[in-house]
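Below is entry_35.cif, holding mmCIF, C-alpha atoms.
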data_query
#
loop_
_atom_site.label_atom_id
_atom_site.label_comp_id
_atom_site.auth_asym_id
_atom_site.auth_seq_id
_atom_site.Cartn_x
_atom_site.Cartn_y
_atom_site.Cartn_z
CA MET H 1 -107.20 64.03 -30.57
CA ILE H 2 -110.72 65.51 -30.32
CA SER H 3 -111.47 68.17 -32.92
CA THR H 4 -112.60 71.71 -32.03
CA PRO H 5 -116.20 71.10 -33.17
CA ASN H 6 -116.35 68.01 -30.98
CA VAL H 7 -115.05 69.95 -27.96
CA ALA H 8 -117.76 72.52 -28.52
CA GLY H 9 -120.33 69.78 -28.91
CA ILE H 10 -119.24 68.15 -25.67
CA ALA H 11 -119.51 71.48 -23.83
CA VAL H 12 -123.05 72.07 -25.11
CA VAL H 13 -124.10 68.51 -24.21
CA ALA H 14 -122.55 68.89 -20.74
CA ALA H 15 -124.42 72.09 -19.99
CA ALA H 16 -127.74 70.69 -21.12
CA LEU H 17 -127.32 67.42 -19.26
CA ALA H 18 -126.22 69.18 -16.08
CA ALA H 19 -129.45 71.16 -16.04
CA VAL H 20 -131.55 68.05 -16.61
CA CYS H 21 -129.75 65.82 -14.10
CA TYR H 22 -129.66 68.34 -11.28
CA SER H 23 -133.31 69.24 -11.81
CA LYS H 24 -134.13 65.57 -11.27
CA GLY H 25 -132.06 65.31 -8.11
CA SER H 26 -129.35 63.05 -9.54
CA SER H 27 -126.17 62.69 -7.48
CA PRO H 28 -122.99 64.41 -8.70
CA ARG H 29 -121.34 61.01 -9.17
CA SER H 30 -124.21 59.76 -11.34
CA PHE H 31 -124.15 62.96 -13.33
CA TRP H 32 -120.44 62.83 -14.09
CA LYS H 33 -120.66 59.16 -15.01
CA PHE H 34 -123.51 59.90 -17.38
CA LEU H 35 -121.65 62.91 -18.76
CA ARG H 36 -118.53 60.86 -19.50
CA GLN H 37 -120.64 58.37 -21.42
CA LYS H 38 -122.30 61.02 -23.56
CA ALA H 39 -119.06 62.89 -24.13
CA ALA H 40 -117.38 59.67 -25.24
CA LEU H 41 -120.17 59.13 -27.77
CA VAL H 42 -119.68 62.63 -29.15
CA ALA H 43 -115.95 61.89 -29.44
CA GLY H 44 -116.65 58.61 -31.23
CA ARG H 45 -115.40 56.39 -28.39
CA GLY H 46 -118.56 55.00 -26.78
CA LEU H 47 -120.47 51.82 -27.44
CA PRO H 48 -123.27 52.05 -29.99
CA ASP H 49 -126.81 51.80 -28.66
CA TYR H 50 -127.59 48.17 -29.46
CA ALA H 51 -131.26 48.56 -28.59
CA GLN H 52 -131.54 51.09 -31.41
CA LEU H 53 -129.50 48.97 -33.80
CA THR H 54 -131.45 45.77 -33.12
CA GLY H 55 -134.91 47.10 -32.33
CA PHE H 56 -134.87 44.91 -29.21
CA PRO H 57 -135.20 46.69 -25.82
CA HIS H 58 -132.45 47.12 -23.27
CA PRO H 59 -132.95 45.21 -19.99
CA LYS H 60 -134.30 46.92 -16.90
CA PRO H 61 -131.68 47.44 -14.16
CA VAL H 62 -131.72 45.20 -11.10
CA HIS H 63 -131.25 47.24 -7.93
CA GLY H 64 -129.94 45.69 -4.72
CA PHE H 65 -128.83 42.58 -6.59
CA ASN H 66 -126.84 40.15 -4.40
CA ILE H 67 -124.95 37.53 -6.39
CA VAL H 68 -124.48 35.36 -3.30
CA HIS H 69 -128.22 34.77 -2.91
CA ALA H 70 -129.33 34.99 -6.54
CA ARG H 71 -131.02 31.90 -7.96
CA PRO H 72 -131.78 31.03 -11.57
CA ARG H 73 -135.37 30.68 -12.59
CA PRO H 74 -136.49 27.02 -12.28
CA TYR H 75 -136.40 25.93 -15.90
CA ARG H 76 -138.28 22.66 -16.37
CA PRO H 77 -138.60 22.33 -20.18
CA PHE H 78 -140.54 19.05 -20.09
CA ARG H 79 -143.02 18.53 -22.91
CA TRP H 80 -145.57 15.85 -23.67
CA GLU H 81 -146.03 14.50 -26.18
CA TYR H 82 -142.28 14.51 -26.34
CA HIS H 83 -140.84 14.73 -29.83
CA GLN H 84 -138.01 16.64 -31.46
CA ASN H 85 -138.83 20.16 -32.57
CA MET H 86 -137.38 23.65 -32.20
CA SER H 87 -139.79 24.60 -29.37
CA LEU H 88 -138.89 28.30 -29.62
CA LYS H 89 -140.09 31.07 -27.32
CA ASN H 90 -139.55 34.82 -27.55
CA LEU H 91 -136.60 36.03 -25.51
CA GLU H 92 -137.41 38.31 -22.57
CA PRO H 93 -135.15 41.41 -22.58
CA ASP H 94 -134.24 40.99 -18.90
CA TYR H 95 -133.06 37.40 -19.27
CA TRP H 96 -130.53 37.24 -22.06
CA LEU H 97 -127.72 36.79 -19.52
CA GLU H 98 -128.91 35.61 -16.11
CA LEU H 99 -126.43 35.74 -13.23
CA GLU H 100 -126.80 33.70 -10.07
CA SER H 101 -124.93 32.36 -7.03
CA THR H 102 -122.66 29.92 -8.90
CA TYR H 103 -120.98 32.84 -10.69
CA HIS H 104 -117.60 32.71 -8.91
CA ASP H 105 -117.31 28.93 -9.17
CA ARG H 106 -118.36 28.82 -12.82
CA ILE H 107 -115.88 31.48 -13.91
CA ALA H 108 -113.10 29.64 -12.07
CA GLN H 109 -114.16 26.38 -13.74
CA ARG H 110 -114.20 28.01 -17.16
CA ARG H 111 -110.66 29.30 -16.77
CA GLN H 112 -109.44 25.90 -15.60
CA ILE H 113 -111.17 24.06 -18.46
CA TYR H 114 -109.66 26.45 -21.00
CA ALA H 115 -106.19 26.01 -19.50
CA LEU H 116 -106.55 22.23 -19.86
CA HIS H 117 -108.30 21.98 -23.22
CA GLY H 118 -107.28 25.03 -25.29
CA LYS H 119 -108.81 24.91 -28.78
CA ARG H 120 -111.38 22.38 -27.71
CA VAL H 121 -112.89 25.30 -25.77
CA ILE H 122 -112.03 28.50 -27.71
CA ASP H 123 -111.44 28.70 -31.44
CA GLU H 124 -112.13 31.02 -34.36
CA LEU H 125 -111.81 31.17 -38.12
CA PRO H 126 -110.62 34.15 -40.20
CA GLY H 127 -113.38 36.63 -40.89
CA SER H 128 -115.13 36.15 -37.55
CA GLU H 129 -113.18 38.81 -35.64
CA ALA H 130 -115.64 41.67 -36.17
CA ALA H 131 -118.58 39.51 -35.05
CA SER H 132 -116.72 38.48 -31.88
CA LYS H 133 -115.95 42.12 -31.05
CA GLU H 134 -119.54 43.13 -31.70
CA LEU H 135 -120.79 40.36 -29.44
CA MET H 136 -118.42 41.46 -26.66
CA GLU H 137 -119.75 45.02 -26.94
CA MET H 138 -123.36 43.85 -26.74
CA VAL H 139 -122.57 41.74 -23.68
CA ILE H 140 -120.78 44.64 -21.96
CA GLN H 141 -123.70 46.98 -22.61
CA TYR H 142 -126.20 44.41 -21.36
CA LEU H 143 -124.28 43.60 -18.16
CA CYS H 144 -123.76 47.25 -17.25
CA LEU H 145 -127.42 48.10 -17.81
CA ARG H 146 -128.89 45.02 -16.14
CA TYR H 147 -126.45 44.85 -13.20
CA PRO H 148 -125.22 48.44 -12.72
CA GLN H 149 -123.79 47.80 -9.25
CA GLN H 150 -121.77 44.82 -10.44
CA PHE H 151 -120.35 46.07 -13.75
CA GLU H 152 -119.10 49.37 -15.19
CA PHE H 153 -117.62 50.44 -18.49
CA ASP H 154 -115.52 53.56 -18.98
CA GLU H 155 -115.91 54.68 -22.58
CA TRP H 156 -112.88 56.97 -22.40
CA THR H 157 -110.37 54.40 -21.18
CA LEU H 158 -112.29 51.43 -22.68
CA THR H 159 -111.99 49.72 -19.29
CA PHE H 160 -114.56 47.17 -18.15
CA ARG H 161 -114.82 46.76 -14.37
CA ASN H 162 -116.20 43.57 -12.85
CA HIS H 163 -116.94 44.35 -9.20
CA ILE H 164 -117.99 40.76 -8.47
CA LEU H 165 -114.52 39.45 -9.31
CA ASP H 166 -112.72 42.73 -8.53
CA SER H 167 -111.14 42.62 -11.98
CA THR H 168 -110.69 44.93 -14.98
CA ALA H 169 -110.24 44.38 -18.70
CA ASN H 170 -109.24 46.78 -21.45
CA VAL H 171 -111.55 45.90 -24.31
CA SER H 172 -109.20 47.41 -26.89
CA THR H 173 -106.59 44.74 -26.12
CA VAL H 174 -108.39 41.71 -24.65
CA HIS H 175 -109.51 38.99 -27.06
CA PRO H 176 -113.32 39.10 -27.18
CA LEU H 177 -113.73 35.34 -26.69
CA VAL H 178 -111.37 35.35 -23.71
CA PHE H 179 -113.31 38.30 -22.27
CA LEU H 180 -116.52 36.27 -22.52
CA LEU H 181 -114.83 33.25 -20.94
CA GLU H 182 -113.63 35.27 -17.96
CA ASN H 183 -116.72 37.38 -17.27
CA VAL H 184 -119.87 35.56 -18.39
CA PRO H 185 -120.81 32.02 -17.24
CA GLU H 186 -122.34 31.20 -20.63
CA ASP H 187 -121.11 29.60 -23.83
CA PHE H 188 -121.25 31.58 -27.07
CA LEU H 189 -121.19 30.09 -30.57
CA ILE H 190 -121.00 32.50 -33.50
CA THR H 191 -122.36 31.41 -36.87
CA GLN H 192 -121.99 33.26 -40.17
CA GLU H 193 -123.46 32.73 -43.61
CA ASP H 194 -121.25 30.90 -46.09
CA PRO H 195 -121.41 33.01 -49.26
CA ASP H 196 -120.96 29.92 -51.45
CA THR H 197 -123.67 27.70 -49.96
CA GLY H 198 -125.92 30.18 -48.17
CA LEU H 199 -125.73 27.96 -45.07
CA TYR H 200 -124.73 29.20 -41.64
CA THR H 201 -121.50 27.69 -40.30
CA LEU H 202 -119.78 27.87 -36.93
CA ARG H 203 -117.02 30.47 -37.23
CA ALA H 204 -116.02 31.27 -33.64
CA ALA H 205 -116.89 29.98 -30.19
CA VAL H 206 -116.15 29.78 -26.50
CA SER H 207 -117.69 26.69 -24.94
CA THR H 208 -116.79 25.19 -21.57
CA SER H 209 -120.15 23.45 -21.05
CA ALA H 210 -119.95 20.74 -23.70
CA VAL H 211 -120.84 17.14 -22.84
CA GLY H 212 -119.87 14.54 -25.43
CA TRP H 213 -118.57 17.09 -27.95
CA ASN H 214 -116.23 20.07 -28.19
CA ILE H 215 -115.55 23.08 -30.40
CA SER H 216 -112.70 21.45 -32.33
CA GLN H 217 -115.22 18.91 -33.67
CA LYS H 218 -117.74 21.56 -34.77
CA ILE H 219 -115.77 24.59 -35.99
CA GLY H 220 -116.32 25.40 -39.67
CA LYS H 221 -119.31 23.06 -40.01
CA PRO H 222 -122.86 23.95 -41.12
CA LEU H 223 -125.85 23.43 -38.82
CA HIS H 224 -126.82 20.00 -40.14
CA ASP H 225 -123.34 18.64 -39.46
CA ILE H 226 -123.13 20.28 -36.04
CA HIS H 227 -126.40 18.59 -35.07
CA GLY H 228 -125.57 15.30 -36.78
CA PRO H 229 -125.98 13.09 -33.66
CA VAL H 230 -129.34 14.64 -32.70
CA PRO H 231 -132.20 12.20 -33.43
CA ASP H 232 -134.60 13.35 -36.15
CA TYR H 233 -132.66 16.56 -36.81
CA LYS H 234 -131.86 15.80 -40.44
CA GLU H 235 -135.33 14.46 -41.24
CA LYS H 236 -137.51 16.91 -39.28
CA MET H 237 -135.54 20.04 -38.44
CA ALA H 238 -132.60 20.72 -40.78
CA PHE H 239 -134.54 22.49 -43.52
CA SER H 240 -136.57 24.57 -41.04
CA MET H 241 -133.46 25.60 -39.11
CA ASP H 242 -131.55 26.65 -42.24
CA ARG H 243 -134.52 28.71 -43.37
CA TYR H 244 -134.98 30.20 -39.91
CA PHE H 245 -131.33 31.31 -39.72
CA SER H 246 -131.47 32.91 -43.16
CA LYS H 247 -134.56 34.97 -42.28
CA MET H 248 -134.04 35.70 -38.56
CA PRO H 249 -134.40 39.43 -37.79
CA CYS H 250 -132.42 41.34 -35.17
CA ASN H 251 -135.48 42.36 -33.17
CA LYS H 252 -136.81 38.86 -32.49
CA PRO H 253 -134.28 36.84 -30.49
CA ILE H 254 -135.58 33.55 -29.15
CA GLN H 255 -134.97 31.13 -26.27
CA ARG H 256 -135.42 27.44 -25.66
CA GLY H 257 -134.13 24.71 -23.36
CA SER H 258 -132.76 21.20 -23.51
CA TRP H 259 -132.41 18.87 -20.55
CA GLY H 260 -130.78 15.70 -19.33
CA LEU H 261 -130.22 13.78 -16.09
CA GLU H 262 -126.67 13.53 -14.79
CA ILE H 263 -124.68 12.00 -11.96
CA GLY H 264 -123.09 14.96 -10.22
CA GLU H 265 -122.71 18.24 -12.10
CA PRO H 266 -120.53 17.59 -15.16
CA LEU H 267 -119.90 20.90 -16.91
CA PHE H 268 -117.35 19.82 -19.53
CA LEU H 269 -117.18 16.07 -20.16
CA GLN H 270 -115.61 14.31 -23.13
CA THR H 271 -116.06 10.75 -24.36
CA ASP H 272 -112.37 9.96 -23.74
CA GLU H 273 -112.58 10.83 -20.03
CA PRO H 274 -113.05 8.11 -17.36
CA GLU H 275 -116.24 9.73 -16.02
CA TRP H 276 -117.96 9.08 -19.36
CA SER H 277 -118.10 5.37 -18.54
CA HIS H 278 -120.68 6.11 -15.79
CA ARG H 279 -123.25 6.38 -18.55
CA GLN H 280 -122.69 2.80 -19.65
CA HIS H 281 -123.99 1.06 -16.53
CA GLN H 282 -126.44 1.41 -13.65
CA ASN H 283 -124.78 1.80 -10.26
CA PRO H 284 -127.08 0.32 -7.60
CA ASP H 285 -125.31 2.30 -4.87
CA ILE H 286 -125.63 5.77 -6.36
CA PRO H 287 -127.53 8.02 -3.91
CA LEU H 288 -130.57 9.79 -5.35
CA SER H 289 -129.11 13.02 -3.95
CA ASP H 290 -126.20 12.71 -6.43
CA ILE H 291 -128.50 12.85 -9.46
CA HIS H 292 -129.20 16.23 -11.06
CA MET H 293 -131.22 17.56 -13.93
CA ARG H 294 -129.05 19.61 -16.24
CA VAL H 295 -130.83 22.28 -18.27
CA ASP H 296 -129.00 24.07 -21.04
CA TRP H 297 -131.03 27.26 -21.35
CA GLN H 298 -130.33 28.62 -24.81
CA THR H 299 -130.86 31.89 -26.65
CA LEU H 300 -130.42 32.78 -30.30
CA ARG H 301 -130.05 36.28 -31.70
CA ARG H 302 -128.72 38.11 -34.74
CA LEU H 303 -126.00 40.74 -34.39
CA PRO H 304 -127.01 43.97 -36.17
CA LYS H 305 -123.70 45.03 -37.76
CA SER H 306 -121.94 41.79 -38.71
CA ARG H 307 -125.27 39.96 -39.31
CA ALA H 308 -123.82 36.92 -37.54
CA ILE H 309 -126.17 34.76 -35.48
CA VAL H 310 -125.09 33.95 -31.92
CA PHE H 311 -126.21 30.87 -30.05
CA ASN H 312 -125.49 31.07 -26.33
CA PHE H 313 -126.41 28.85 -23.44
CA LYS H 314 -125.70 28.23 -19.78
CA ALA H 315 -125.83 24.96 -17.86
CA ILE H 316 -128.05 24.95 -14.76
CA PHE H 317 -128.04 21.98 -12.39
CA THR H 318 -130.94 21.08 -10.09
CA PRO H 319 -131.09 18.10 -7.68
CA VAL H 320 -133.88 15.81 -8.83
CA THR H 321 -134.99 15.68 -5.19
CA ASP H 322 -136.29 19.26 -5.68
CA PHE H 323 -139.02 17.85 -7.93
CA ARG H 324 -140.76 16.40 -4.88
CA ASN H 325 -142.06 19.89 -4.03
CA GLU H 326 -142.84 21.02 -7.57
CA PRO H 327 -146.46 20.29 -8.61
CA PHE H 328 -146.94 18.19 -11.75
CA ILE H 329 -143.20 17.84 -12.47
CA PRO H 330 -142.75 14.27 -11.10
CA LYS H 331 -145.72 12.89 -13.04
CA LEU H 332 -144.76 14.66 -16.25
CA LEU H 333 -141.11 13.57 -16.13
CA LEU H 334 -142.15 10.02 -15.23
CA LYS H 335 -144.30 9.87 -18.35
CA ILE H 336 -141.38 11.02 -20.52
CA LEU H 337 -138.92 8.52 -19.03
CA LEU H 338 -141.34 5.60 -19.39
CA GLU H 339 -142.87 6.39 -22.79
CA GLY H 340 -140.55 8.86 -24.54
CA LYS H 341 -139.28 7.98 -27.99
CA LYS H 342 -136.49 5.44 -27.61
CA ALA H 343 -133.98 7.23 -29.84
CA LEU H 344 -134.44 10.52 -27.98
CA MET H 345 -134.05 8.94 -24.56
CA GLU H 346 -130.95 7.04 -25.66
CA TYR H 347 -129.48 10.30 -26.95
CA LYS H 348 -130.12 11.92 -23.56
CA GLY H 349 -128.40 9.00 -21.82
CA THR H 350 -130.95 8.74 -19.00
CA TRP H 351 -130.78 4.94 -18.73
CA SER H 352 -127.89 4.97 -16.26
CA ILE H 353 -129.97 6.71 -13.58
CA GLU H 354 -133.51 5.56 -14.37
CA HIS H 355 -133.36 2.74 -11.82
CA LYS H 356 -133.11 5.40 -9.10
CA VAL H 357 -135.18 8.23 -10.53
CA ILE H 358 -138.25 6.34 -11.77
CA PRO H 359 -139.20 4.82 -8.36
CA ALA H 360 -138.74 8.22 -6.71
CA LEU H 361 -140.93 9.92 -9.31
CA ARG H 362 -143.66 7.31 -8.76
CA GLU H 363 -143.54 7.95 -5.02
CA TRP H 364 -143.64 11.75 -5.40
CA THR H 365 -146.47 11.57 -7.93
CA LYS H 366 -148.61 9.66 -5.43
CA GLU H 367 -147.66 12.10 -2.66
CA GLN H 368 -148.71 15.08 -4.77
CA GLU H 369 -151.99 13.43 -5.73
CA ASP H 370 -152.73 12.55 -2.09
CA LYS H 371 -152.02 16.16 -1.05
CA GLY H 372 -154.33 17.47 -3.75
CA TRP H 373 -151.54 19.27 -5.61
CA VAL H 374 -152.25 17.26 -8.76
CA PRO H 375 -155.68 15.85 -9.69
CA LYS H 376 -155.57 12.06 -9.83
CA ASP H 377 -157.18 12.10 -13.26
CA TRP H 378 -154.73 14.66 -14.70
CA GLN H 379 -153.47 13.57 -18.10
CA GLU H 380 -149.81 14.36 -18.73
CA LYS H 381 -149.28 17.32 -21.04
CA THR H 382 -146.99 20.31 -21.45
CA LEU H 383 -147.80 22.69 -18.60
CA ASN H 384 -149.34 26.08 -19.28
CA GLU H 385 -146.47 27.58 -17.26
CA ASP H 386 -143.84 25.91 -19.49
CA PRO H 387 -140.87 26.08 -19.02
CA PHE H 388 -141.76 26.50 -15.33
CA TYR H 389 -144.43 24.97 -13.08
CA PRO H 390 -147.47 26.27 -11.16
CA GLY H 391 -146.50 28.43 -8.18
CA TRP H 392 -142.80 28.61 -8.99
CA GLU H 393 -142.65 32.33 -8.17
CA LYS H 394 -143.18 31.60 -4.45
CA HIS H 395 -139.85 29.75 -4.28
CA HIS H 396 -137.93 31.80 -6.84
CA PRO H 397 -138.52 35.54 -6.32
CA ILE H 398 -137.88 37.62 -9.43
CA PRO H 399 -135.18 40.28 -8.88
CA THR H 400 -136.33 43.89 -9.33
#
Represent the supplied structure as structure tokens.
Amino acid sequence: MISTPNVAGIAVVAAALAAVCYSKGSSPRSFWKFLRQKAALVAGRGLPDYAQLTGFPHPKPVHGFNIVHARPRPYRPFRWEYHQNMSLKNLEPDYWLELESTYHDRIAQRRQIYALHGKRVIDELPGSEAASKELMEMVIQYLCLRYPQQFEFDEWTLTFRNHILDSTANVSTVHPLVFLLENVPEDFLITQEDPDTGLYTLRAAVSTSAVGWNISQKIGKPLHDIHGPVPDYKEKMAFSMDRYFSKMPCNKPIQRGSWGLEIGEPLFLQTDEPEWSHRQHQNPDIPLSDIHMRVDWQTLRRLPKSRAIVFNFKAIFTPVTDFRNEPFIPKLLLKILLEGKKALMEYKGTWSIEHKVIPALREWTKEQEDKGWVPKDWQEKTLNEDPFYPGWEKHHPIPT
């Protein structure tokens, strides 16, 4: 029950906000929605302002957003010289969670994968519950601010409305990791500091986009064990990553990308599944149109209350045939495939498709040079537009 002082406080806030909103020409519906939010905060029921808690800005709202036609930005995180490092970039406030036209299909896939694989996809350890709830709240706030026509949250009933899926969820009863599975086409891995070792370990996760690994293999492990198979991680990155996690502030989330080349669009693929064997040989009959670049675009941020660090990523698939019309990309990728460090390329598993991709990249490189898109004397290097390419905005309009 709301106390008498709170009722009085709500009345005062309502009167003041009514004057402000109507003076600015706001619609009655917008006013009452805003009023409910503020009244819920006064009553202690609303979400905290995570921009204030973290020092990192809220996203700008996207108006007129159409999920059917939305496209992800064309991430091409190719670097030369190509060696293993963290390659971190500052996160842009508007792109923590990026929705696009595969939304319906991805959410359906995620539910199906969870139904089949259970704890290989969602798991948690005791003590992670508060961090999972905090993450869910941050996600809800972000989605409702960034995509106000697609998502709503009622602070009084604690009901989240997803207008894309025509679904609702009561956040006081739904499990936070299941909520993330069913509403956000991204994987979330929550790490927390081990008080005995000082190292960050994986404590909770929802991951339906794992290729060659799964959550049951990683839960409870520190970073250096999680990244055990990654070439050069132990020698070149482990110490830096442990130090980075221990010092990471809330107001400086980062982003980065990893990439690979795949046959089809495998979202969740395990080493004991028949499709894994495709990586062990070169199929001379595979059409080039069946080969895709998979980018896992990743972000890392600290939660302000629990102090957990969340690693999230989404898988984006692009036909390699798109590279034909992207300046510099064929020549840069060709250089990496031909001269990249052997251990890194073996880890990526590109060998199975190189017999198809390399000749195509050679052809497209010559085409682009003949058209004047790329100078013939251009020496391969990381592009200034990294992780994109020159002129990408013409083909991928930014939503406003």
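Of the residues listed (H:Tyr233, H:Tyr147, H:Trp351, H:Trp373), H:Trp373 shows the shortest atom-to-atom separation from Phe328 in chain H; distances use only C-alpha atoms.
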Shortest interatomic distance to Leu181 in chain H - which of H:Gly118, H:Gly349, H:Pro375, H:Gly220, counting all atoms listed in the file: H:Gly118
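Minimum atom-to-atom distances from H:Lys366, H:Lys133, H:Arg79, H:Lys314 to Phe268 in chain H were compared using only C-alpha atoms, and the lowest value belongs to H:Lys314.
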Evaluating the PyMOL selection byres ((chain H and resi 218) around 10) on the displayed file yields which residues, as a PyMOL selection string? chain H and resi 120+201-205+213-217+219-223+225-227
Given the PyMOL selection byres ((chain H and resi 247) around 12), the residues it picks as a VMD selection string: chain H and resid 193 198 to 200 240 to 246 248 to 253 301 to 302 307 to 309
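In this comparison, which uses only C-alpha atoms, the residue of H:Pro77, H:Pro330, H:Pro229, H:Gly127 approaching Gly212 in chain H most closely is H:Pro229.
The result of the PyMOL selection byres ((chain H and resi 91-97) around 6) on the shown file is Pro59, Asn90, Glu98, Pro253, Ile254 and Gln255 of chain H.
Rounded to one decimal, CA of Asp386 in chain H and CA of Lys89 in chain H lie 10.1 Å from each other.
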One-decimal distance in Å that lies between CA of Asn312 in chain H and CA of Asp154 in chain H: 25.7 Å
In the coordinates of the file, take the point (-136.4, 48.9, -6.0) and a cut-off of 12 Å; then, counting all atoms listed in the file, name each qualifying protein, DNA or RNA residue as a list in words. Lys60, Pro61, Val62, His63, Gly64, Phe65, Ile398, Pro399 and Thr400 of chain H
List as JSON, numbers by chain the residues having at least one atom at most 9 Å from position (-150.5, 24.4, -3.0) as given in the file, counting all atoms listed in the file. {"H": [327, 371, 372, 373, 390, 391]}
Measuring atom to atom with all atoms listed in the file, identify which of H:Trp378, H:Ile353, H:Arg146, H:Arg76 is nearest to Asp322 in chain H. H:Arg76
Work out how far apart CA of Pro185 in chain H and CA of Leu269 in chain H are and give it in Å to one decimal. 16.6 Å
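With all atoms listed in the file taken into account, the protein and nucleic acid residues at most 12 Å from Lys305 in chain H (excluding it and anything under 3 positions from it in its own chain) are H:Pro48, H:Asp49, H:Tyr50, H:Gln52, H:Leu53, H:Thr54, H:Ala130, H:Ala131, H:Ser132, H:Lys133, H:Glu134, H:Leu135, H:Glu137, H:Met138, H:Cys250, H:Arg302, H:Ala308, H:Ile309.
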